[in-house]
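The data block below is data20.cif; it holds mmCIF, C-alpha atoms.
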data_work
loop_
_atom_site.label_atom_id
_atom_site.label_comp_id
_atom_site.auth_asym_id
_atom_site.auth_seq_id
_atom_site.Cartn_x
_atom_site.Cartn_y
_atom_site.Cartn_z
CA MET A 259 -5.34 -9.17 -12.07
CA ALA A 260 -4.91 -8.30 -8.51
CA THR A 261 -1.18 -8.35 -8.35
CA TYR A 262 -0.66 -5.37 -6.17
CA GLY A 263 0.80 -7.89 -3.99
CA LEU A 264 -0.34 -7.83 -0.73
CA LEU A 265 1.71 -7.82 2.11
CA HIS A 266 4.18 -9.97 3.10
CA SER A 267 0.98 -11.84 3.88
CA PRO A 268 1.34 -14.11 6.82
CA GLN A 269 2.79 -17.21 5.36
CA MET A 270 1.47 -19.62 7.84
CA ILE A 271 0.14 -20.30 10.47
CA ALA A 272 -0.51 -21.35 13.86
CA SER A 273 -2.73 -24.25 14.38
CA ILE A 274 -5.08 -24.29 17.27
CA THR A 275 -8.41 -26.02 17.44
CA GLN A 276 -11.31 -24.54 19.29
CA SER A 277 -13.21 -26.49 21.81
CA THR A 278 -15.17 -25.43 24.82
CA MET A 279 -15.00 -28.83 26.38
CA MET A 280 -11.27 -29.16 26.32
CA ARG A 281 -8.96 -27.01 28.32
CA ARG A 282 -6.75 -26.70 25.27
CA ALA A 283 -7.64 -24.40 22.42
CA SER A 284 -6.43 -24.88 18.89
CA ILE A 285 -6.62 -22.36 16.12
CA LEU A 286 -6.33 -22.87 12.46
CA LEU A 287 -5.21 -19.82 10.66
CA CYS A 288 -5.09 -19.55 6.97
CA SER A 289 -4.12 -16.49 5.08
CA ASN A 290 -3.43 -16.08 1.42
CA SER A 291 -2.06 -13.29 -0.67
CA ILE A 292 -4.35 -11.38 -2.97
CA SER A 293 -3.91 -13.14 -6.25
CA PRO A 294 -6.16 -14.38 -9.01
CA SER A 295 -5.70 -17.97 -8.03
CA PRO A 296 -8.18 -19.23 -5.47
CA THR A 297 -5.84 -21.99 -4.42
CA ALA A 298 -2.84 -19.83 -3.74
CA SER A 299 -0.72 -20.42 -0.71
CA ARG A 300 -2.72 -22.52 1.66
CA ARG A 301 -0.60 -24.56 3.91
CA PRO A 302 -1.60 -27.86 5.42
CA LEU A 303 -2.72 -27.56 8.98
CA ALA A 304 -1.04 -30.00 11.24
CA ALA A 305 -2.98 -30.07 14.46
CA PRO A 306 -5.47 -32.86 14.92
CA PHE A 307 -8.89 -31.46 15.63
CA ARG A 308 -10.90 -33.05 18.36
CA ARG A 309 -14.54 -32.91 17.54
CA TYR A 310 -16.61 -30.98 19.97
CA SER A 311 -19.49 -32.99 21.39
CA ALA A 312 -22.77 -31.26 21.90
CA SER A 313 -23.63 -29.88 25.24
CA SER A 314 -25.99 -27.34 26.64
CA ARG A 315 -26.38 -24.36 24.40
CA ALA A 316 -26.75 -21.89 27.20
CA GLN A 317 -23.25 -21.02 28.22
CA SER A 318 -22.43 -17.86 29.98
CA ILE A 319 -19.77 -15.75 28.40
CA SER A 320 -17.50 -15.70 31.42
CA SER A 321 -17.16 -19.46 31.71
CA SER A 322 -16.46 -20.02 28.05
CA SER A 323 -13.94 -17.23 28.04
CA ARG A 324 -12.05 -19.03 30.77
CA ASN A 325 -12.03 -22.17 28.66
CA TYR A 326 -10.79 -20.36 25.63
CA ARG A 327 -8.04 -18.45 27.27
CA SER A 328 -6.51 -21.31 29.15
CA ALA A 329 -4.09 -23.13 26.91
CA LEU A 330 -3.13 -21.68 23.60
CA SER A 331 -0.25 -23.44 22.00
CA PRO A 332 0.47 -22.61 18.41
CA LEU A 333 2.40 -25.47 16.90
CA ARG A 334 4.32 -23.39 14.50
CA CYS A 335 4.33 -19.75 13.65
CA SER A 336 6.26 -17.95 11.02
CA ALA A 337 3.90 -15.15 10.23
CA SER A 338 5.39 -11.88 9.24
CA ASP A 339 3.84 -8.57 9.93
CA SER A 340 3.58 -6.26 6.97
CA VAL A 341 4.10 -3.12 8.98
CA LYS A 342 7.23 -4.30 10.71
CA PRO A 343 10.62 -3.75 9.10
CA PRO A 344 12.19 -6.83 7.56
CA LYS A 345 14.65 -7.28 10.39
CA MET A 346 12.70 -8.39 13.39
CA ALA A 347 13.61 -9.88 16.67
CA SER A 348 12.17 -13.33 17.13
CA GLU A 349 9.80 -11.93 19.72
CA GLU A 350 8.39 -9.51 17.21
CA ARG A 351 8.11 -12.22 14.62
CA GLN A 352 5.85 -14.04 17.03
CA GLU A 353 3.61 -11.04 17.50
CA PRO A 354 1.20 -11.50 14.57
CA CYS A 355 0.65 -15.09 15.63
CA ASN A 356 -0.05 -13.95 19.13
CA ARG A 357 -2.65 -11.55 17.79
CA ILE A 358 -4.33 -14.30 15.79
CA ALA A 359 -4.15 -16.69 18.70
CA ARG A 360 -5.82 -14.21 20.98
CA ILE A 361 -8.50 -13.47 18.40
CA ALA A 362 -9.26 -17.14 17.88
CA SER A 363 -9.39 -17.83 21.58
CA ALA A 364 -11.88 -15.02 22.04
CA ILE A 365 -14.41 -16.59 19.67
CA ARG A 366 -17.00 -18.69 21.41
CA VAL A 367 -18.50 -21.82 19.86
CA ILE A 368 -22.15 -22.44 20.65
CA PRO A 369 -23.33 -25.95 19.75
CA ASN A 370 -26.70 -26.60 18.20
CA PHE A 371 -27.48 -23.03 17.28
CA PRO A 372 -29.57 -22.03 15.41
CA LYS A 373 -30.47 -25.69 15.01
CA PRO A 374 -29.11 -29.11 16.03
CA GLY A 375 -25.78 -30.02 14.53
CA ILE A 376 -24.61 -26.48 13.84
CA MET A 377 -21.55 -25.28 15.78
CA PHE A 378 -22.16 -21.54 15.80
CA GLN A 379 -19.10 -19.31 15.79
CA ASP A 380 -19.98 -16.46 18.15
CA ILE A 381 -17.91 -13.32 17.60
CA THR A 382 -19.66 -11.32 20.30
CA THR A 383 -17.13 -12.55 22.82
CA LEU A 384 -14.36 -11.21 20.60
CA LEU A 385 -16.01 -7.80 20.78
CA LEU A 386 -15.77 -7.92 24.56
CA ASP A 387 -11.99 -8.28 24.40
CA THR A 388 -10.90 -4.77 23.53
CA ARG A 389 -7.42 -5.76 22.53
CA ALA A 390 -8.50 -8.71 20.40
CA PHE A 391 -11.15 -6.61 18.67
CA ARG A 392 -8.62 -3.91 17.94
CA ASP A 393 -6.14 -6.51 16.68
CA THR A 394 -8.80 -7.96 14.37
CA ILE A 395 -9.36 -4.59 12.77
CA ASP A 396 -5.63 -3.86 12.66
CA LEU A 397 -4.89 -7.09 10.81
CA PHE A 398 -7.35 -6.17 8.08
CA VAL A 399 -6.24 -2.53 7.96
CA GLU A 400 -2.60 -3.54 7.65
CA ARG A 401 -3.51 -5.70 4.71
CA TYR A 402 -5.64 -3.18 2.84
CA ARG A 403 -4.34 0.30 3.52
CA ASP A 404 -2.53 2.00 0.64
CA LYS A 405 -4.17 -0.42 -1.79
CA GLU A 406 -6.50 2.17 -3.34
CA ILE A 407 -9.59 0.55 -2.00
CA SER A 408 -12.41 3.05 -1.98
CA VAL A 409 -15.32 0.83 -0.92
CA VAL A 410 -15.82 -1.47 2.03
CA ALA A 411 -19.10 -3.35 1.66
CA GLY A 412 -20.37 -5.01 4.82
CA VAL A 413 -23.04 -7.68 4.95
CA GLU A 414 -25.84 -7.19 7.46
CA ALA A 415 -25.61 -7.45 10.38
CA ARG A 416 -22.26 -8.70 11.67
CA GLY A 417 -20.46 -7.25 8.67
CA PHE A 418 -21.64 -3.89 10.01
CA ILE A 419 -19.47 -4.41 13.08
CA PHE A 420 -16.18 -5.08 11.29
CA GLY A 421 -16.62 -3.14 8.05
CA PRO A 422 -16.93 0.45 9.30
CA PRO A 423 -13.79 0.48 11.47
CA ILE A 424 -11.81 -0.89 8.52
CA ALA A 425 -13.36 1.64 6.14
CA LEU A 426 -12.61 4.52 8.50
CA ALA A 427 -9.01 3.46 8.93
CA ILE A 428 -8.29 3.08 5.22
CA GLY A 429 -10.29 6.12 4.12
CA ALA A 430 -12.90 4.18 2.18
CA LYS A 431 -16.64 4.57 2.16
CA PHE A 432 -18.80 2.00 3.91
CA VAL A 433 -21.66 0.45 1.97
CA PRO A 434 -24.17 -1.66 3.88
CA MET A 435 -25.51 -4.72 2.06
CA ARG A 436 -28.92 -5.38 3.59
CA LYS A 437 -31.82 -7.75 3.83
CA PRO A 438 -34.85 -6.75 1.74
CA ASN A 439 -36.87 -3.65 2.51
CA LYS A 440 -34.41 -2.12 4.95
CA LEU A 441 -32.68 0.38 2.68
CA PRO A 442 -34.93 3.38 2.10
CA GLY A 443 -33.79 4.55 -1.31
CA GLU A 444 -33.70 2.93 -4.71
CA VAL A 445 -31.93 -0.41 -4.55
CA ILE A 446 -30.62 -3.22 -6.68
CA SER A 447 -31.26 -6.75 -5.46
CA GLU A 448 -29.54 -10.09 -5.76
CA GLU A 449 -31.26 -13.32 -4.89
CA TYR A 450 -29.23 -16.17 -3.48
CA SER A 451 -29.79 -19.72 -2.30
CA LEU A 452 -30.09 -20.84 1.27
CA GLU A 453 -30.04 -24.39 2.51
CA TYR A 454 -33.82 -24.24 2.29
CA GLY A 455 -35.18 -21.59 -0.03
CA THR A 456 -33.73 -18.29 -1.10
CA ASP A 457 -32.96 -14.89 0.34
CA LYS A 458 -32.28 -11.48 -1.13
CA MET A 459 -29.57 -8.92 -0.59
CA GLU A 460 -29.88 -5.24 -1.51
CA MET A 461 -27.57 -2.29 -2.12
CA HIS A 462 -28.43 1.35 -2.71
CA VAL A 463 -28.28 2.57 -6.27
CA GLY A 464 -25.52 5.14 -6.56
CA ALA A 465 -23.61 4.04 -3.49
CA VAL A 466 -20.72 2.88 -5.62
CA GLN A 467 -19.34 3.96 -8.98
CA ALA A 468 -18.05 1.83 -11.84
CA GLY A 469 -14.32 1.33 -11.54
CA GLU A 470 -14.12 1.57 -7.78
CA ARG A 471 -12.09 -1.05 -5.92
CA ALA A 472 -13.99 -2.82 -3.17
CA LEU A 473 -13.67 -5.22 -0.27
CA VAL A 474 -16.54 -7.36 0.95
CA ILE A 475 -16.56 -7.94 4.70
CA ASP A 476 -18.49 -10.40 6.82
CA ASP A 477 -17.77 -12.07 10.13
CA LEU A 478 -17.76 -15.57 8.67
CA ILE A 479 -17.80 -17.47 5.38
CA ALA A 480 -19.69 -20.75 5.35
CA THR A 481 -21.01 -21.88 1.95
CA GLY A 482 -20.10 -18.56 0.36
CA GLY A 483 -23.61 -17.85 -0.90
CA THR A 484 -23.95 -14.55 0.91
CA LEU A 485 -20.54 -13.30 -0.17
CA CYS A 486 -21.26 -14.32 -3.75
CA ALA A 487 -24.44 -12.29 -3.70
CA ALA A 488 -22.52 -9.29 -2.40
CA ILE A 489 -19.85 -9.70 -5.08
CA ASN A 490 -22.52 -9.91 -7.75
CA LEU A 491 -24.25 -6.75 -6.59
CA LEU A 492 -21.00 -4.82 -6.76
CA GLU A 493 -19.83 -6.26 -10.07
CA ARG A 494 -23.19 -5.59 -11.71
CA VAL A 495 -22.50 -1.88 -11.30
CA GLY A 496 -18.94 -2.11 -12.54
CA VAL A 497 -17.05 -2.28 -9.28
CA HIS A 498 -13.90 -4.41 -9.03
CA VAL A 499 -14.12 -6.62 -5.96
CA VAL A 500 -10.52 -6.97 -4.89
CA GLU A 501 -11.01 -9.45 -2.06
CA CYS A 502 -13.46 -10.86 0.44
CA ALA A 503 -12.38 -10.66 4.06
CA CYS A 504 -13.82 -12.57 6.99
CA VAL A 505 -12.77 -13.22 10.53
CA ILE A 506 -13.68 -16.92 10.31
CA GLU A 507 -13.84 -19.56 7.60
CA LEU A 508 -15.59 -22.93 7.81
CA PRO A 509 -13.44 -24.75 5.28
CA GLU A 510 -15.55 -27.91 5.19
CA LEU A 511 -18.36 -25.91 3.58
CA LYS A 512 -16.10 -24.97 0.67
CA GLY A 513 -17.09 -21.33 0.49
CA ARG A 514 -13.66 -20.45 -0.81
CA GLU A 515 -14.22 -22.56 -3.91
CA ARG A 516 -17.61 -20.97 -4.43
CA LEU A 517 -15.97 -17.57 -4.69
CA GLY A 518 -14.18 -18.78 -7.79
CA ASP A 519 -11.47 -16.41 -8.79
CA LYS A 520 -12.20 -13.93 -6.01
CA PRO A 521 -9.55 -14.09 -3.32
CA LEU A 522 -10.56 -14.68 0.26
CA PHE A 523 -8.64 -13.58 3.33
CA VAL A 524 -9.52 -14.94 6.76
CA LEU A 525 -7.93 -14.83 10.17
CA VAL A 526 -9.23 -18.05 11.68
CA ASN A 527 -10.35 -21.41 10.31
CA ALA A 528 -12.88 -23.32 12.35
CA ALA A 529 -12.68 -26.92 11.35
CA MET E 1389 -25.90 20.16 25.99
CA SER E 1390 -26.34 21.78 22.63
CA ALA E 1391 -24.31 24.97 22.59
CA CYS E 1392 -20.89 23.57 21.83
CA ARG E 1393 -22.30 20.94 19.54
CA ASP E 1394 -24.01 23.49 17.35
CA GLU E 1395 -20.87 25.53 16.98
CA ASP E 1396 -18.68 22.69 15.88
CA PRO E 1397 -17.88 23.27 12.22
CA ARG E 1398 -18.06 19.56 11.46
CA ILE E 1399 -21.76 19.38 12.26
CA HIS E 1400 -22.84 21.22 9.16
CA GLY E 1401 -20.99 18.80 6.90
CA ILE E 1402 -22.55 15.85 8.68
CA LYS E 1403 -26.04 17.28 8.47
CA THR E 1404 -25.83 17.83 4.73
CA LYS E 1405 -24.82 14.22 4.17
CA ILE E 1406 -27.94 12.75 5.72
CA ARG E 1407 -30.53 12.00 3.08
CA VAL E 1408 -34.23 12.33 3.80
CA VAL E 1409 -36.36 9.77 1.98
CA PRO E 1410 -40.05 10.63 2.05
CA ASN E 1411 -42.77 8.07 2.65
CA PHE E 1412 -40.49 5.30 3.86
CA PRO E 1413 -41.25 2.79 5.30
CA LYS E 1414 -44.80 4.08 4.95
CA PRO E 1415 -46.63 7.23 3.80
CA GLY E 1416 -46.02 10.28 5.93
CA ILE E 1417 -42.68 9.17 7.37
CA MET E 1418 -39.64 11.26 6.41
CA PHE E 1419 -36.91 8.65 6.78
CA GLN E 1420 -33.49 9.85 7.89
CA ASP E 1421 -31.04 7.89 5.76
CA ILE E 1422 -27.54 7.78 7.19
CA THR E 1423 -26.14 5.56 4.44
CA THR E 1424 -25.23 8.64 2.40
CA LEU E 1425 -23.16 9.88 5.34
CA LEU E 1426 -21.24 6.60 5.28
CA LEU E 1427 -20.29 7.26 1.66
CA ASP E 1428 -18.33 10.35 2.69
CA PRO E 1429 -15.25 9.17 4.58
CA LYS E 1430 -14.55 12.59 6.05
CA ALA E 1431 -18.09 13.12 7.29
CA PHE E 1432 -18.23 9.60 8.69
CA LYS E 1433 -14.92 10.13 10.46
CA ASP E 1434 -16.08 13.49 11.81
CA THR E 1435 -19.20 11.81 13.18
CA ILE E 1436 -17.17 9.25 15.08
CA ASP E 1437 -14.64 11.83 16.21
CA LEU E 1438 -17.35 14.00 17.76
CA PHE E 1439 -18.53 11.10 19.90
CA VAL E 1440 -15.04 9.93 20.74
CA GLU E 1441 -13.98 13.40 21.84
CA ARG E 1442 -16.95 13.51 24.15
CA TYR E 1443 -16.50 10.09 25.72
CA LYS E 1444 -12.77 9.41 25.76
CA GLY E 1445 -11.29 9.47 29.23
CA LYS E 1446 -14.68 9.17 30.93
CA ASN E 1447 -14.08 5.66 32.19
CA ILE E 1448 -16.68 4.15 29.91
CA SER E 1449 -16.09 0.43 29.49
CA VAL E 1450 -19.16 -0.56 27.45
CA VAL E 1451 -20.61 0.74 24.21
CA ALA E 1452 -23.93 -0.95 23.51
CA GLY E 1453 -25.20 -0.62 19.95
CA VAL E 1454 -28.74 -1.29 18.83
CA GLU E 1455 -29.18 -3.55 15.82
CA ALA E 1456 -28.55 -2.81 13.04
CA ARG E 1457 -27.50 0.80 12.44
CA GLY E 1458 -26.11 1.06 15.95
CA PHE E 1459 -23.65 -1.62 14.81
CA ILE E 1460 -22.20 0.85 12.31
CA PHE E 1461 -21.46 3.67 14.76
CA GLY E 1462 -20.95 1.83 18.04
CA PRO E 1463 -17.86 -0.26 17.23
CA PRO E 1464 -15.68 2.59 15.92
CA ILE E 1465 -16.52 4.58 19.06
CA ALA E 1466 -15.82 1.58 21.28
CA LEU E 1467 -12.48 0.89 19.61
CA ALA E 1468 -11.37 4.49 19.93
CA ILE E 1469 -12.26 4.86 23.61
CA GLY E 1470 -11.04 1.39 24.59
CA ALA E 1471 -14.45 0.02 25.52
CA LYS E 1472 -16.02 -3.29 24.64
CA PHE E 1473 -18.83 -3.38 22.12
CA VAL E 1474 -22.05 -5.12 23.09
CA PRO E 1475 -24.63 -5.74 20.36
CA LEU E 1476 -28.26 -5.43 21.37
CA ARG E 1477 -30.24 -7.58 19.00
CA LYS E 1478 -33.65 -8.58 17.78
CA PRO E 1479 -34.90 -11.87 19.21
CA ARG E 1480 -33.17 -15.16 18.44
CA LYS E 1481 -30.11 -13.67 16.80
CA LEU E 1482 -27.72 -13.95 19.73
CA PRO E 1483 -26.62 -17.57 20.12
CA GLY E 1484 -25.87 -17.76 23.82
CA GLN E 1485 -27.92 -17.22 26.91
CA VAL E 1486 -29.70 -13.86 26.76
CA ILE E 1487 -31.82 -11.49 28.74
CA SER E 1488 -34.73 -9.83 26.93
CA GLU E 1489 -36.63 -6.59 27.19
CA GLU E 1490 -39.94 -6.09 25.49
CA TYR E 1491 -40.96 -2.67 24.28
CA ILE E 1492 -43.91 -1.00 22.60
CA LEU E 1493 -44.00 -0.05 18.93
CA GLU E 1494 -46.49 2.18 17.21
CA TYR E 1495 -48.34 -1.01 16.31
CA GLY E 1496 -47.52 -3.98 18.49
CA ARG E 1497 -44.41 -4.92 20.42
CA ASP E 1498 -40.82 -5.85 19.83
CA CYS E 1499 -38.05 -7.26 21.91
CA LEU E 1500 -34.37 -6.46 22.41
CA GLU E 1501 -31.84 -9.01 23.70
CA MET E 1502 -28.37 -8.92 25.24
CA HIS E 1503 -25.99 -11.76 26.06
CA VAL E 1504 -25.75 -12.81 29.68
CA GLY E 1505 -22.29 -12.04 30.96
CA ALA E 1506 -21.47 -9.41 28.35
CA VAL E 1507 -21.64 -6.62 30.90
CA GLU E 1508 -20.57 -6.71 34.54
CA PRO E 1509 -22.25 -4.87 37.40
CA GLY E 1510 -20.84 -1.43 37.93
CA GLU E 1511 -19.63 -0.93 34.39
CA ARG E 1512 -20.24 2.47 32.82
CA ALA E 1513 -22.05 2.23 29.50
CA LEU E 1514 -23.13 4.23 26.50
CA VAL E 1515 -26.05 3.30 24.30
CA VAL E 1516 -25.56 4.17 20.64
CA ASP E 1517 -28.06 4.22 17.81
CA ASP E 1518 -28.31 6.21 14.60
CA LEU E 1519 -31.54 7.96 15.58
CA ILE E 1520 -33.92 8.54 18.47
CA ALA E 1521 -37.60 8.84 17.62
CA THR E 1522 -40.04 7.94 20.40
CA GLY E 1523 -37.24 6.60 22.60
CA GLY E 1524 -38.80 3.17 23.03
CA THR E 1525 -35.82 1.26 21.66
CA LEU E 1526 -33.27 3.24 23.66
CA CYS E 1527 -35.34 2.80 26.79
CA ALA E 1528 -35.36 -0.96 26.29
CA ALA E 1529 -31.60 -0.88 25.75
CA MET E 1530 -31.08 1.06 28.95
CA ASN E 1531 -33.26 -1.36 30.86
CA LEU E 1532 -31.18 -4.32 29.68
CA LEU E 1533 -27.98 -2.68 30.87
CA GLU E 1534 -29.40 -1.55 34.18
CA CYS E 1535 -30.89 -4.98 34.73
CA VAL E 1536 -27.38 -6.41 34.97
CA GLY E 1537 -26.15 -3.61 37.19
CA ALA E 1538 -24.43 -1.38 34.66
CA GLU E 1539 -24.67 2.38 34.84
CA VAL E 1540 -25.93 4.02 31.66
CA VAL E 1541 -23.94 7.22 31.43
CA GLU E 1542 -25.58 8.61 28.30
CA CYS E 1543 -27.45 7.73 25.14
CA ALA E 1544 -25.80 8.92 21.94
CA CYS E 1545 -27.44 9.26 18.54
CA LEU E 1546 -26.64 11.05 15.32
CA ILE E 1547 -30.17 12.30 14.83
CA GLU E 1548 -33.05 13.29 17.06
CA LEU E 1549 -36.66 13.81 15.98
CA PRO E 1550 -37.61 16.22 18.77
CA GLU E 1551 -41.32 16.25 17.91
CA LEU E 1552 -41.54 12.64 19.02
CA LYS E 1553 -40.25 13.57 22.48
CA GLY E 1554 -37.94 10.61 22.88
CA ARG E 1555 -35.57 12.64 25.04
CA GLY E 1556 -38.12 12.63 27.83
CA ARG E 1557 -38.48 8.89 27.76
CA LEU E 1558 -34.98 8.07 28.87
CA LYS E 1559 -35.69 7.77 32.59
CA GLY E 1560 -33.82 10.94 33.29
CA LYS E 1561 -30.68 9.82 31.51
CA PRO E 1562 -28.93 12.36 29.31
CA LEU E 1563 -29.09 12.22 25.54
CA TYR E 1564 -26.44 13.57 23.20
CA VAL E 1565 -27.19 14.07 19.52
CA LEU E 1566 -25.39 15.71 16.64
CA VAL E 1567 -28.33 16.76 14.50
CA GLU E 1568 -31.97 17.53 15.12
CA TYR E 1569 -34.50 17.07 12.36
CA GLN E 1570 -37.50 19.35 12.72
#

Could you express the structure from this file as structure tokens?
Amino acid sequence: MATYGLLHSPQMIASITQSTMMRRASILLCSNSISPSPTASRRPLAAPFRRYSASSRAQSISSSSRNYRSALSPLRCSASDSVKPPKMASEERQEPCNRIARIASAIRVIPNFPKPGIMFQDITTLLLDTRAFRDTIDLFVERYRDKEISVVAGVEARGFIFGPPIALAIGAKFVPMRKPNKLPGEVISEEYSLEYGTDKMEMHVGAVQAGERALVIDDLIATGGTLCAAINLLERVGVHVVECACVIELPELKGRERLGDKPLFVLVNAA
Amino acid sequence: MSACRDEDPRIHGIKTKIRVVPNFPKPGIMFQDITTLLLDPKAFKDTIDLFVERYKGKNISVVAGVEARGFIFGPPIALAIGAKFVPLRKPRKLPGQVISEEYILEYGRDCLEMHVGAVEPGERALVVDDLIATGGTLCAAMNLLECVGAEVVECACLIELPELKGRGRLKGKPLYVLVEYQ
């Protein structure tokens, strides 16, 4: 039972919805403590979400950044920051929300990629905002340091961007989880379902030891299939997966439920 | 560029953590596997530190990392020196508008892409990858950056395969590596 009790995990939550068409950005943030229950501590999100209507896919980064940064207005924020002392000025109490707000506003939505109807959550614009990128890593590090996590597993390829900085900061090893035939040594494989067909994920034999405590990192959770495959690979060799951590969740796709009893921590919900 | 690098006591530890896998991906290739380095937190940290010490305070605003192993080393360097990280990707992975650069492989061609608008003219950039072999990939990466008016200050890799002469293919740009594999 993972009761090492995370932080004073952020309790809730600003609510801001993303849209590149509107001049107003809204972010949904959901964060839950590390606990066995998959339904722990999710708060209802109050802001109405205005559906984004499709437009040209080719947007330059600079114009969409302007859209995102224009009007952030969290409706409510009572997040606490685990590294701050309990007594905080109200300005400081706002700070974690400001970090999340900035992170969410730095994510670009690309409609109809990779195919019509998909609203692609593009984190590359987040990586261009040095402060937001650093804040992203800090939020994960604050949650996981001193929790005896010895393995950070990152899913190819965008998990390779977020996983290593977290691993370095918490003193854990980084284990890449890769598409088939990329890892050169002996591997174990896990097949998983896609919308059409299947794919395979691989991990090096010997990368992790039975009994180690692990995080699984990816940029986004959609259906949860990829994360499930990663969890399975680790558990098959006796590793305890403590939590899955993503920057973004697409709650409509119910990935959180697919993880079953594995906790999930995300910074931003994209409804 | 090598004298001080060779004397750094951290280099030996890094070198011993790189695993050589023979005959991968095909017979005759001695594959330099950096995943074993990533399993040693101290060696991994030392690797990043060596790059950060070299590039901090040099007014570098862009670290471009080549998919996929450049994604492992580039972001920690970028974060530490206060630069943005720009992923250079295989075709059709980046969702927005891109520019592309084709390059030659041993058999056939491949293509590297970068998002339009990621880099501004005049920015100073590093290109990071785990290894330089023939230099074709790094050359394509440099071309993408220069195409949008950035200045490539240096290419940085953990490993060089000097026999493949990649160093000479970098259009006169400097290359910094931690380990050479002979």

So which residues touch Cys1543 of chain E within 12 Å, counting only C-alpha atoms, skipping near sequence neighbours fewer than 2 positions away, as a ChimeraX atom specification? /E:1439,1443,1450-1454,1458,1462,1512-1520,1523,1525-1530,1533,1539-1541,1545-1548,1554-1555,1557-1566

**Request:** Extract, using only C-alpha atoms, all DNA, RNA and protein residues at most 6 Å from segment 504-521 of chain A, discarding same-chain residues fewer than 4 positions from it, and format them as number ranges by chain.
**Result:** A: 292, 294, 296, 475-482, 525-528

On this structure, the PyMOL selection byres ((chain A) within 8 of (chain E)) would catch which residues? List them as number ranges by chain, sorted by chain and number. A: 315-320, 368, 371-372, 378, 380, 382-383, 385-388, 391-392, 414-416, 418-420, 422-423, 425-426, 429-434, 442-443, 465

Could you write those residues out with C-alpha atoms, as an mmCIF file, keeping the file's coordinate frame?
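Here's the written file selection.cif:
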data_model
loop_
_atom_site.group_PDB
_atom_site.id
_atom_site.type_symbol
_atom_site.label_atom_id
_atom_site.label_comp_id
_atom_site.auth_asym_id
_atom_site.auth_seq_id
_atom_site.Cartn_x
_atom_site.Cartn_y
_atom_site.Cartn_z
ATOM 1 C CA ARG A 315 -26.380 -24.360 24.400
ATOM 2 C CA ALA A 316 -26.750 -21.890 27.200
ATOM 3 C CA GLN A 317 -23.250 -21.020 28.220
ATOM 4 C CA SER A 318 -22.430 -17.860 29.980
ATOM 5 C CA ILE A 319 -19.770 -15.750 28.400
ATOM 6 C CA SER A 320 -17.500 -15.700 31.420
ATOM 7 C CA ILE A 368 -22.150 -22.440 20.650
ATOM 8 C CA PHE A 371 -27.480 -23.030 17.280
ATOM 9 C CA PRO A 372 -29.570 -22.030 15.410
ATOM 10 C CA PHE A 378 -22.160 -21.540 15.800
ATOM 11 C CA ASP A 380 -19.980 -16.460 18.150
ATOM 12 C CA THR A 382 -19.660 -11.320 20.300
ATOM 13 C CA THR A 383 -17.130 -12.550 22.820
ATOM 14 C CA LEU A 385 -16.010 -7.800 20.780
ATOM 15 C CA LEU A 386 -15.770 -7.920 24.560
ATOM 16 C CA ASP A 387 -11.990 -8.280 24.400
ATOM 17 C CA THR A 388 -10.900 -4.770 23.530
ATOM 18 C CA PHE A 391 -11.150 -6.610 18.670
ATOM 19 C CA ARG A 392 -8.620 -3.910 17.940
ATOM 20 C CA GLU A 414 -25.840 -7.190 7.460
ATOM 21 C CA ALA A 415 -25.610 -7.450 10.380
ATOM 22 C CA ARG A 416 -22.260 -8.700 11.670
ATOM 23 C CA PHE A 418 -21.640 -3.890 10.010
ATOM 24 C CA ILE A 419 -19.470 -4.410 13.080
ATOM 25 C CA PHE A 420 -16.180 -5.080 11.290
ATOM 26 C CA PRO A 422 -16.930 0.450 9.300
ATOM 27 C CA PRO A 423 -13.790 0.480 11.470
ATOM 28 C CA ALA A 425 -13.360 1.640 6.140
ATOM 29 C CA LEU A 426 -12.610 4.520 8.500
ATOM 30 C CA GLY A 429 -10.290 6.120 4.120
ATOM 31 C CA ALA A 430 -12.900 4.180 2.180
ATOM 32 C CA LYS A 431 -16.640 4.570 2.160
ATOM 33 C CA PHE A 432 -18.800 2.000 3.910
ATOM 34 C CA VAL A 433 -21.660 0.450 1.970
ATOM 35 C CA PRO A 434 -24.170 -1.660 3.880
ATOM 36 C CA PRO A 442 -34.930 3.380 2.100
ATOM 37 C CA GLY A 443 -33.790 4.550 -1.310
ATOM 38 C CA ALA A 465 -23.610 4.040 -3.490
#

Tell me which protein, DNA and RNA residues are within 9 Å of Gly496 of chain A, counting all atoms listed in the file, leaving out same-chain ones fewer than 6 positions away, and put them as a tab-separated table (two decimals) with C-alpha atoms, in the coordinates of the input.
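Listed below is the output, part_26.tsv:
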chain	number	residue	atom	x	y	z
A	466	VAL	CA	-20.72	2.88	-5.62
A	467	GLN	CA	-19.34	3.96	-8.98
A	468	ALA	CA	-18.05	1.83	-11.84
A	469	GLY	CA	-14.32	1.33	-11.54
A	470	GLU	CA	-14.12	1.57	-7.78

### Message
I want to know what sits within 8 Å of Pro1509 of chain E, based on only C-alpha atoms, with residues of the same chain fewer than 4 positions away left out; could you give that as a list in words?
### Response
Val1536, Gly1537 and Ala1538 of chain E

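Coordinates place atom CA of Asp1437 of chain E at a distance of 15.1 Å from atom CA of Glu1395 of chain E.
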
What does the distance from atom CA of Val410 of chain A to atom CA of Arg471 of chain A come to in Å, to one decimal?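 Distance reported for this atom pair: 8.8 Å.
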
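What separates atom CA of Ser447 of chain A from atom CA of Val474 of chain A is a distance of 16.1 Å.
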